[in-house]
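One structure is given below, encoded as structure tokens.
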Amino acid sequence: MSNLINIIIEPVKTFQHIKEKDDWWIPFILVVVVGLIFNWISSPATSRIISQKAAEMGGGEIPEAMQYLQYIAVPVTTFLGFLLASLILWLLGSSLGADWNYIKALDLYSYSAVPLAIKSVLNIIILFIRGVQNITTFKDLYIATGLNMFFSPENPKLYALFSGIEIFTIWQFVLIAYGISNITGISKKKAAVVSVISFLITLGFGVIFARPEAM
């Protein structure tokens, strides 16, 4: 548990821990639990929005069973996302001389995702402040922490781009850059290159898979 705190206040201690032990599932569980809590609190609003959009498109009532799929989707998509992002980090880092294995990359990515859990907590707080009953769009569910604070385009891909360049994700990849250098011993410059390329790939996936119904 102390390493979840140290990654925020003393990340070098967490990097040292990663060198010595593999326990990527601890931050993974944190991210999943916070995500499930957010989904549970926001579910009345999301169900209402989805039903309204379905009605506008001439669809019928959303089956109740479909509403529970989100609770399965959170751990599954988070797990797959962690695996893919860690693979990218490992391959890029290794290509630039990093001496590490895939599990160490997974450890690093998992611990560096703690800022995203903090963002989810802030989203939960914002939900309570706004009131779930007052949420009318998917955008209202989330706090704006990126370029979407200043620009809010209607095009879903542009919106995904602007919202993807945001404080908590940048924080995450700064931790990744320092972590790669600390754990593997490669230069900070090479570690920064790995982190920046990984960030751009992640951002690209977000833009490619942006959906109009998520606006």
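Labels for the structure tokens follow display order: chains A, B, ..., residues from 1 in each chain, ligands from 1.
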DSSP alpha helix (DSSP H) selection over chain A, as a PyMOL selection string: chain A and resi 2-9+11-20+25-56+64-67+69-95+102-112+114-130+156-164+167-184+188-208
Can you work out which one of A:Ser110, A:Thr136, A:Asn148, A:Asn101 has the shortest atom-to-atom distance to Thr184 (chain A), counting only C-alpha atoms? A:Asn101
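CA of Val132 (chain A) lies 7.3 Å from CA of Pro44 (chain A).
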Can you tell me which residues surround Leu84 (chain A) at a distance of at most 12 Å, considering only C-alpha atoms, apart from same-chain residues fewer than 3 positions away, and format the answer as a PyMOL selection string? chain A and resi 77-81+87-91+102+105-106+109-110+198+201-202+205
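CA of Leu122 (chain A) to CA of Asn134 (chain A) spans 17.3 Å [interatomic distance, one decimal].
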